[in-house]
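J.: Here it is: the structure, laid out below.
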Amino acid sequence: AIGLRNSEAKYRDTFLPYILPQNLLHWLKTSIGEAQVPTAGFIYRGALSGHELQSRAIQFFADVNDASLQFDPAWPTLTALDARLLVDDGQAFVRAYSGQLYNTAVEGAAVHVLPQSKGISVHVNARARGYAQDGLRVLRETPLHKAIGNTMDSWHMPQGLLTAGLQLQIPLGGADVPQQEDVRIALYDTQLRMDELRLQFNAIQGEIRYDHNTGLQAPALAATLFDKPVQVAISSKQDKRGQTTLQIDGQGSANARDIASWSNLQPLQLLAGQ
């Protein structure tokens with residue numbers, strides 16, 4: 001057994017045993033960035049020579065402060081993490097107590113790395129509270145963008161708050177497990193600008209969810225448009241060619257002059273009322 005105090009993550013390679021599965025060893029070396037390590041420890045039980053892998057037990061733990069964790073290169077790095085890392089033979093666990101995703105506070109996260117017959121799988125469960133714009137970034141700056149399409153690329157959420165939950169299963173190194181994503185974003189008093197449509201929704205309340213089986217769904221958003229209450233539903237549809245489009249349905253009332261001004265249709269200028 002070896003103990004360590006007041007160190008830094010850059011020395012982790014010294015304490016990570018080379019006999020760990022290579023995919024796990026690579027993940028540990030590349031996913032954990034700079035961090036302060038107030039305490040760490042390593043335990044090895046077994047023979048010091050020979051190839052009796054089944055009789056060996058390897059455990060490593062580290063408490064890390066102000067750490068960065070990139071659990072997968074396609075997903076944003078978690079920063080400012082206070083967490084505990086545990087390696088138990090071929091598995092790894094990261095339990096984060098606090099951190100940041102973009103500018104949003106991570107209130108808790110668990111990352112579990114499991115060995116597979118080939119490669120490894122990374123399982124992420126996290127919850128966060130912060131800014132609506134960061135939720136939009138998750139939908140368009142991660143692998144979800146490929147599934148959702150380009151419609152959201154010109155959307156902006158300059159104000160508003162969110163709470164979010166994230167569950168991921170990510171195969172690495174050729175692991176034969178399906179990739180799965182489940183993202184839930186609850187919006188509060190959010191403004192949404194759709195520049196290409198010249199529309200601005202205000203005071204949005206409701207949940208947006210992406211699931212790998214059903215796509216993007218937001219069946220019951222409440223908002224205001226043209227200063228009038230409106231109910232909005234968003235869903236994603238995929239055609240036979242694999243192209244994804246977003247369908248936006250709204251129900252409410254509006255002043256005829258506002259509709260005429262927005263649409264630039266001259267005949268509507270003759271209308272009045274709601």
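Ordered as shown in the structure tokens, chains take letters A, B, and onward, while each chain numbers its residues from 1 and ligands are numbered from 1 in the order shown.
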Hey, what's within 12 Å of Asn150 in chain A if we count only C-alpha atoms and toss same-chain stuff fewer than 2 positions away? As number ranges by chain, please?

T.: A: 139-141, 144-148, 152-155, 196, 236, 243-246

J.: Write the residues you've just listed into a file as a tab-separated table (two decimals), in the first residue's frame, and include all heavy atoms for each of them.

T.:
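Saved result, out09.tsv, follows:
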```tsv
chain	number	residue	atom	x	y	z
A	139	LEU	N	-27.06	20.75	-26.84
A	139	LEU	CA	-27.82	20.16	-27.93
A	139	LEU	C	-27.12	20.32	-29.29
A	139	LEU	O	-27.34	19.51	-30.19
A	139	LEU	CB	-29.21	20.79	-28.00
A	139	LEU	CG	-30.13	20.50	-26.80
A	139	LEU	CD1	-31.43	21.28	-26.93
A	139	LEU	CD2	-30.40	19.01	-26.67
A	140	ARG	N	-26.30	21.35	-29.45
A	140	ARG	CA	-25.73	21.58	-30.79
A	140	ARG	C	-24.20	21.48	-30.86
A	140	ARG	O	-23.64	21.58	-31.95
A	140	ARG	CB	-26.19	22.93	-31.32
A	140	ARG	CG	-25.68	24.14	-30.57
A	140	ARG	CD	-26.33	25.40	-31.11
A	140	ARG	NE	-25.71	26.60	-30.56
A	140	ARG	CZ	-26.20	27.82	-30.67
A	140	ARG	NH1	-27.33	28.01	-31.33
A	140	ARG	NH2	-25.58	28.85	-30.16
A	141	GLU	N	-23.51	21.27	-29.73
A	141	GLU	CA	-22.05	21.18	-29.75
A	141	GLU	C	-21.55	19.83	-29.25
A	141	GLU	O	-20.40	19.70	-28.84
A	141	GLU	CB	-21.44	22.31	-28.91
A	141	GLU	CG	-21.73	23.71	-29.44
A	141	GLU	CD	-21.10	24.80	-28.60
A	141	GLU	OE1	-20.21	24.49	-27.77
A	141	GLU	OE2	-21.49	25.98	-28.76
A	144	LEU	N	-25.15	15.02	-30.04
A	144	LEU	CA	-26.58	15.20	-30.25
A	144	LEU	C	-26.86	16.02	-31.50
A	144	LEU	O	-27.92	15.89	-32.12
A	144	LEU	CB	-27.22	15.89	-29.04
A	144	LEU	CG	-27.05	15.21	-27.68
A	144	LEU	CD1	-27.84	15.95	-26.62
A	144	LEU	CD2	-27.47	13.75	-27.75
A	145	HIS	N	-25.93	16.88	-31.90
A	145	HIS	CA	-26.13	17.73	-33.07
A	145	HIS	C	-26.38	16.90	-34.32
A	145	HIS	O	-27.23	17.25	-35.16
A	145	HIS	CB	-24.92	18.64	-33.27
A	145	HIS	CG	-25.06	19.58	-34.43
A	145	HIS	ND1	-24.58	19.26	-35.69
A	145	HIS	CD2	-25.61	20.81	-34.53
A	145	HIS	CE1	-24.83	20.26	-36.51
A	145	HIS	NE2	-25.45	21.22	-35.84
A	146	LYS	N	-25.67	15.80	-34.46
A	146	LYS	CA	-25.84	14.95	-35.64
A	146	LYS	C	-27.25	14.38	-35.68
A	146	LYS	O	-27.85	14.24	-36.76
A	146	LYS	CB	-24.81	13.83	-35.62
A	146	LYS	CG	-24.87	12.92	-36.85
A	146	LYS	CD	-23.78	11.87	-36.80
A	146	LYS	CE	-23.85	10.97	-38.02
A	146	LYS	NZ	-22.79	9.91	-38.00
A	147	ALA	N	-27.81	14.05	-34.51
A	147	ALA	CA	-29.14	13.47	-34.46
A	147	ALA	C	-30.23	14.51	-34.62
A	147	ALA	O	-31.30	14.23	-35.17
A	147	ALA	CB	-29.32	12.72	-33.14
A	148	ILE	N	-29.98	15.74	-34.15
A	148	ILE	CA	-31.00	16.78	-34.18
A	148	ILE	C	-31.00	17.55	-35.50
A	148	ILE	O	-32.05	18.01	-35.97
A	148	ILE	CB	-30.79	17.75	-32.99
A	148	ILE	CG1	-31.04	17.01	-31.67
A	148	ILE	CG2	-31.70	18.97	-33.08
A	148	ILE	CD1	-30.65	17.80	-30.45
A	152	MET	N	-31.12	24.24	-35.06
A	152	MET	CA	-30.84	25.05	-33.88
A	152	MET	C	-29.57	25.88	-33.99
A	152	MET	O	-29.25	26.65	-33.08
A	152	MET	CB	-30.72	24.15	-32.64
A	152	MET	CG	-32.04	23.56	-32.17
A	152	MET	SD	-31.83	22.64	-30.62
A	152	MET	CE	-33.53	22.33	-30.18
A	153	ASP	N	-28.84	25.75	-35.08
A	153	ASP	CA	-27.54	26.41	-35.19
A	153	ASP	C	-27.64	27.93	-35.08
A	153	ASP	O	-26.69	28.59	-34.62
A	153	ASP	CB	-26.84	26.03	-36.49
A	153	ASP	CG	-26.35	24.59	-36.49
A	153	ASP	OD1	-26.54	23.91	-35.45
A	153	ASP	OD2	-25.79	24.14	-37.50
A	154	SER	N	-28.75	28.51	-35.51
A	154	SER	CA	-28.89	29.97	-35.46
A	154	SER	C	-29.81	30.42	-34.32
A	154	SER	O	-30.24	31.57	-34.29
A	154	SER	CB	-29.43	30.50	-36.80
A	154	SER	OG	-30.70	29.94	-37.09
A	155	TRP	N	-30.12	29.51	-33.40
A	155	TRP	CA	-30.93	29.88	-32.24
A	155	TRP	C	-30.04	30.47	-31.15
A	155	TRP	O	-28.86	30.12	-31.02
A	155	TRP	CB	-31.66	28.67	-31.68
A	155	TRP	CG	-32.74	28.11	-32.56
A	155	TRP	CD1	-32.99	28.42	-33.87
A	155	TRP	CD2	-33.73	27.14	-32.19
A	155	TRP	NE1	-34.06	27.70	-34.34
A	155	TRP	CE2	-34.54	26.91	-33.33
A	155	TRP	CE3	-34.02	26.47	-31.02
A	155	TRP	CZ2	-35.60	26.02	-33.32
A	155	TRP	CZ3	-35.08	25.57	-31.00
A	155	TRP	CH2	-35.86	25.35	-32.15
A	196	GLU	N	-33.31	33.05	-38.08
A	196	GLU	CA	-33.69	32.78	-39.47
A	196	GLU	C	-35.18	32.98	-39.69
A	196	GLU	O	-35.62	33.23	-40.82
A	196	GLU	CB	-33.24	31.36	-39.88
A	196	GLU	CG	-34.12	30.22	-39.39
A	196	GLU	CD	-33.94	29.89	-37.91
A	196	GLU	OE1	-33.19	30.62	-37.21
A	196	GLU	OE2	-34.55	28.93	-37.44
A	236	SER	N	-38.73	16.29	-33.26
A	236	SER	CA	-37.82	16.01	-34.37
A	236	SER	C	-38.34	14.83	-35.17
A	236	SER	O	-38.92	13.89	-34.63
A	236	SER	CB	-36.41	15.72	-33.86
A	236	SER	OG	-36.40	14.58	-33.02
A	243	GLN	N	-32.22	12.30	-42.83
A	243	GLN	CA	-32.16	13.73	-42.56
A	243	GLN	C	-33.17	14.09	-41.47
A	243	GLN	O	-34.32	13.66	-41.52
A	243	GLN	CB	-32.46	14.53	-43.83
A	243	GLN	CG	-31.47	14.28	-44.97
A	243	GLN	CD	-30.07	14.74	-44.62
A	243	GLN	OE1	-29.89	15.84	-44.08
A	243	GLN	NE2	-29.08	13.92	-44.93
A	244	THR	N	-32.73	14.90	-40.51
A	244	THR	CA	-33.59	15.27	-39.39
A	244	THR	C	-34.10	16.69	-39.55
A	244	THR	O	-33.35	17.60	-39.89
A	244	THR	CB	-32.82	15.16	-38.06
A	244	THR	OG1	-32.35	13.82	-37.89
A	244	THR	CG2	-33.72	15.51	-36.88
A	245	THR	N	-35.38	16.88	-39.31
A	245	THR	CA	-35.98	18.21	-39.30
A	245	THR	C	-36.72	18.40	-37.98
A	245	THR	O	-37.18	17.44	-37.37
A	245	THR	CB	-36.97	18.40	-40.46
A	245	THR	OG1	-37.99	17.39	-40.38
A	245	THR	CG2	-36.26	18.29	-41.80
A	246	LEU	N	-36.80	19.65	-37.56
A	246	LEU	CA	-37.55	19.98	-36.36
A	246	LEU	C	-38.90	20.54	-36.75
A	246	LEU	O	-38.99	21.40	-37.63
A	246	LEU	CB	-36.80	21.00	-35.50
A	246	LEU	CG	-35.55	20.53	-34.77
A	246	LEU	CD1	-35.02	21.64	-33.86
A	246	LEU	CD2	-35.80	19.27	-33.97
```

J.: Give me every helix (DSSP H, G or I) residue in range 46-262 of chain A, going by DSSP on the backbone, as JSON, numbers by chain.

T.: {"A": [53, 54, 55, 132, 133, 134, 135, 136, 137, 138, 139, 140, 144, 145, 146, 147, 148, 151, 152, 153, 154, 195, 196, 197, 256, 257, 258, 259, 260, 261, 262]}

J.: Filtering to N, CA and C atoms, could you give me those residues as a short mmCIF file (atom, residue, chain, number, x, y, z; two decimals), in the first residue's frame?

T.:
```
data_model
loop_
_atom_site.label_atom_id
_atom_site.label_comp_id
_atom_site.auth_asym_id
_atom_site.auth_seq_id
_atom_site.Cartn_x
_atom_site.Cartn_y
_atom_site.Cartn_z
N LEU A 53 -3.23 -13.43 -13.23
CA LEU A 53 -4.01 -12.20 -13.16
C LEU A 53 -5.22 -12.34 -12.27
N GLN A 54 -5.81 -13.55 -12.22
CA GLN A 54 -7.02 -13.71 -11.44
C GLN A 54 -6.77 -13.58 -9.95
N SER A 55 -5.54 -13.78 -9.51
CA SER A 55 -5.24 -13.70 -8.08
C SER A 55 -4.81 -12.30 -7.66
N ALA A 132 -29.65 28.93 -19.55
CA ALA A 132 -30.34 28.29 -20.67
C ALA A 132 -29.43 28.17 -21.89
N GLN A 133 -28.58 29.16 -22.14
CA GLN A 133 -27.70 29.13 -23.31
C GLN A 133 -26.79 27.90 -23.27
N ASP A 134 -26.38 27.47 -22.09
CA ASP A 134 -25.53 26.29 -21.98
C ASP A 134 -26.29 25.03 -22.35
N GLY A 135 -27.58 24.98 -22.04
CA GLY A 135 -28.39 23.84 -22.47
C GLY A 135 -28.47 23.76 -23.98
N LEU A 136 -28.60 24.92 -24.62
CA LEU A 136 -28.62 24.96 -26.08
C LEU A 136 -27.29 24.49 -26.65
N ARG A 137 -26.20 24.86 -26.00
CA ARG A 137 -24.88 24.42 -26.46
C ARG A 137 -24.74 22.89 -26.38
N VAL A 138 -25.30 22.28 -25.33
CA VAL A 138 -25.24 20.83 -25.21
C VAL A 138 -25.95 20.16 -26.40
N LEU A 139 -27.06 20.75 -26.84
CA LEU A 139 -27.82 20.16 -27.93
C LEU A 139 -27.12 20.32 -29.29
N ARG A 140 -26.30 21.35 -29.45
CA ARG A 140 -25.73 21.58 -30.79
C ARG A 140 -24.20 21.48 -30.86
N LEU A 144 -25.15 15.02 -30.04
CA LEU A 144 -26.58 15.20 -30.25
C LEU A 144 -26.86 16.02 -31.50
N HIS A 145 -25.93 16.88 -31.90
CA HIS A 145 -26.13 17.73 -33.07
C HIS A 145 -26.38 16.90 -34.32
N LYS A 146 -25.67 15.80 -34.46
CA LYS A 146 -25.84 14.95 -35.64
C LYS A 146 -27.25 14.38 -35.68
N ALA A 147 -27.81 14.05 -34.51
CA ALA A 147 -29.14 13.47 -34.46
C ALA A 147 -30.23 14.51 -34.62
N ILE A 148 -29.98 15.74 -34.15
CA ILE A 148 -31.00 16.78 -34.18
C ILE A 148 -31.00 17.55 -35.50
N THR A 151 -31.04 22.81 -37.48
CA THR A 151 -32.06 23.83 -37.26
C THR A 151 -31.70 24.77 -36.12
N MET A 152 -31.12 24.24 -35.06
CA MET A 152 -30.84 25.05 -33.88
C MET A 152 -29.57 25.88 -33.99
N ASP A 153 -28.84 25.75 -35.08
CA ASP A 153 -27.54 26.41 -35.19
C ASP A 153 -27.64 27.93 -35.08
N SER A 154 -28.75 28.51 -35.51
CA SER A 154 -28.89 29.97 -35.46
C SER A 154 -29.81 30.42 -34.32
N ASP A 195 -33.25 33.49 -35.30
CA ASP A 195 -32.88 34.57 -36.21
C ASP A 195 -33.36 34.32 -37.63
N GLU A 196 -33.31 33.05 -38.08
CA GLU A 196 -33.69 32.78 -39.47
C GLU A 196 -35.18 32.98 -39.69
N LEU A 197 -35.97 32.86 -38.63
CA LEU A 197 -37.42 33.07 -38.74
C LEU A 197 -37.85 34.45 -38.24
N ALA A 256 -53.15 41.17 -35.50
CA ALA A 256 -53.00 41.03 -36.95
C ALA A 256 -51.88 41.91 -37.49
N ARG A 257 -51.70 43.09 -36.91
CA ARG A 257 -50.63 43.98 -37.39
C ARG A 257 -49.24 43.40 -37.10
N ASP A 258 -49.11 42.70 -35.98
CA ASP A 258 -47.83 42.06 -35.67
C ASP A 258 -47.53 40.94 -36.67
N ILE A 259 -48.56 40.16 -37.03
CA ILE A 259 -48.38 39.09 -38.01
C ILE A 259 -48.03 39.68 -39.37
N ALA A 260 -48.70 40.76 -39.75
CA ALA A 260 -48.42 41.39 -41.04
C ALA A 260 -47.00 41.94 -41.09
N SER A 261 -46.56 42.57 -40.00
CA SER A 261 -45.21 43.11 -39.96
C SER A 261 -44.16 42.01 -40.02
N TRP A 262 -44.42 40.92 -39.30
CA TRP A 262 -43.45 39.81 -39.28
C TRP A 262 -43.38 39.10 -40.63
#
```

J.: Of the residues A:Leu187, A:Leu78, A:Leu172, A:Leu86, which is the one nearest to Arg209 in chain A, using only C-alpha atoms?

T.: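 Between A:Leu187, A:Leu78, A:Leu172, A:Leu86, the residue approaching Arg209 in chain A most closely is A:Leu187.
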
J.: Taking only residues of range 75-122 of chain A that have an atom at most 12 Å from an atom of range 28-40 of chain A, what is each one's shortest atom pair and its distance in Å to one decimal, using only C-alpha atoms, in chain and number order, as a Markdown table?

T.:
```
| residue | atom | partner | partner_atom | distance |
| --- | --- | --- | --- | --- |
| A:Trp75 | CA | A:Ser31 | CA | 11.2 |
| A:Pro76 | CA | A:Ser31 | CA | 11.3 |
| A:Thr77 | CA | A:Ser31 | CA | 8.9 |
| A:Leu78 | CA | A:Ile32 | CA | 9.8 |
| A:Thr79 | CA | A:Gly33 | CA | 9.2 |
| A:Ala80 | CA | A:Ala35 | CA | 8.6 |
| A:Leu81 | CA | A:Ala35 | CA | 8.5 |
| A:Asp82 | CA | A:Ala35 | CA | 9.1 |
| A:Ala83 | CA | A:Val37 | CA | 9.9 |
| A:Arg84 | CA | A:Ala40 | CA | 9.4 |
| A:Leu85 | CA | A:Ala40 | CA | 9.1 |
| A:Leu86 | CA | A:Ala40 | CA | 9.7 |
| A:Val87 | CA | A:Leu28 | CA | 9.4 |
| A:Gly90 | CA | A:Leu28 | CA | 11.5 |
| A:Gln91 | CA | A:Leu28 | CA | 10.6 |
| A:Ala92 | CA | A:Leu28 | CA | 8.4 |
| A:Phe93 | CA | A:Leu28 | CA | 10.5 |
| A:Val94 | CA | A:Ile32 | CA | 10.2 |
| A:Val111 | CA | A:Ser31 | CA | 11.4 |
| A:His112 | CA | A:Leu28 | CA | 11.8 |
| A:Val113 | CA | A:Leu28 | CA | 9.7 |
| A:Ile120 | CA | A:Leu28 | CA | 11.8 |
| A:Val122 | CA | A:Ser31 | CA | 11.3 |
```

J.: Using DSSP on the backbone coordinates, identify the residues of range 41-150 of chain A assigned to strand (DSSP E or B); present them as a VMD selection string.

T.: chain A and resid 41 to 45 57 to 69 78 to 88 91 to 101 104 to 115 120 to 131

J.: Calculate how many Å separate CA of Ala203 in chain A from CA of Ala186 in chain A, rounding to one decimal.

T.: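 Interatomic distance, CA of Ala203 in chain A to CA of Ala186 in chain A: 12.8 Å.
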
J.: Go through A:Val124, A:Ala96, A:Leu24, A:Leu114 one by one, measure the shortest atom-to-atom distance of each to Gln169 in chain A using only C-alpha atoms, and give the residue with the smallest value.

T.: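 When distances to Gln169 in chain A are compared using only C-alpha atoms, the smallest one comes from A:Val124.
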
J.: Env of Gln247 in chain A: 9 Å cut, atoms = only C-alpha atoms, seq-sep filter 4 positions within chain, self excluded. Answer as a count of residues only.

T.: 5

J.: Taking 3 positions as the minimum chain separation for residues in the same chain, which residues sit within 8 Å of Arg193 in chain A when counting only C-alpha atoms? Answer as a PyMOL selection string.

T.: chain A and resi 155-157+198-201

J.: Atoms to include: N, CA and C atoms. Write the selected residues as a PDB file, in the first residue's frame.

T.:
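Once everything was written out, this is selection.pdb:
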```
ATOM      1  N   TRP A 155     -30.118  29.513 -33.397  1.00  0.00           N
ATOM      2  CA  TRP A 155     -30.931  29.879 -32.241  1.00  0.00           C
ATOM      3  C   TRP A 155     -30.043  30.471 -31.149  1.00  0.00           C
ATOM      4  N   HIS A 156     -30.635  31.358 -30.357  1.00  0.00           N
ATOM      5  CA  HIS A 156     -29.911  31.960 -29.238  1.00  0.00           C
ATOM      6  C   HIS A 156     -30.838  32.024 -28.032  1.00  0.00           C
ATOM      7  N   MET A 157     -30.274  31.808 -26.860  1.00  0.00           N
ATOM      8  CA  MET A 157     -31.006  31.967 -25.600  1.00  0.00           C
ATOM      9  C   MET A 157     -30.229  32.941 -24.721  1.00  0.00           C
ATOM     10  N   ARG A 198     -36.904  35.200 -37.739  1.00  0.00           N
ATOM     11  CA  ARG A 198     -37.188  36.525 -37.169  1.00  0.00           C
ATOM     12  C   ARG A 198     -38.271  36.448 -36.084  1.00  0.00           C
ATOM     13  N   LEU A 199     -38.132  35.447 -35.234  1.00  0.00           N
ATOM     14  CA  LEU A 199     -39.078  35.252 -34.136  1.00  0.00           C
ATOM     15  C   LEU A 199     -38.345  35.314 -32.805  1.00  0.00           C
ATOM     16  N   GLN A 200     -39.006  35.860 -31.811  1.00  0.00           N
ATOM     17  CA  GLN A 200     -38.452  35.894 -30.461  1.00  0.00           C
ATOM     18  C   GLN A 200     -39.526  35.473 -29.464  1.00  0.00           C
ATOM     19  N   PHE A 201     -39.268  34.343 -28.813  1.00  0.00           N
ATOM     20  CA  PHE A 201     -40.144  33.854 -27.753  1.00  0.00           C
ATOM     21  C   PHE A 201     -39.584  34.319 -26.407  1.00  0.00           C
TER      22      PHE A 201
END
```

J.: May I ask for the distance between CA of Ala67 in chain A and CA of Val106 in chain A, given in Å to one decimal place?

T.: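 CA of Val106 in chain A lies at a distance of 12.8 Å from CA of Ala67 in chain A.
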
J.: Could you tell me which of A:Gly108, A:Pro115, A:Pro178, A:Pro229 comes closest to Leu166 in chain A if we count only C-alpha atoms?

T.: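 Between A:Gly108, A:Pro115, A:Pro178, A:Pro229, the residue approaching Leu166 in chain A most closely is A:Gly108.
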
J.: Using only C-alpha atoms for the distances, tell me which of A:Asp249, A:Glu181, A:Asp176, A:Glu8 is nearest to Gly119 in chain A.

T.: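 Among the listed residues, A:Asp176 lies closest to Gly119 in chain A.
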
J.: Have a look at CA of Tyr102 in chain A and CA of Ala128 in chain A and let me know their distance in Å, one decimal.

T.: 10.8 Å

J.: Using only C-alpha atoms, which residues sit within 10 Å of Gly174 in chain A once same-chain residues fewer than 3 positions away are excluded, as a list of chain:residue names?

T.: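 Listed by chain and then number, they are A:Gln116, A:Ser117, A:Lys118, A:Gly119, A:Ile120, A:Ser121, A:Pro171, A:Val177.
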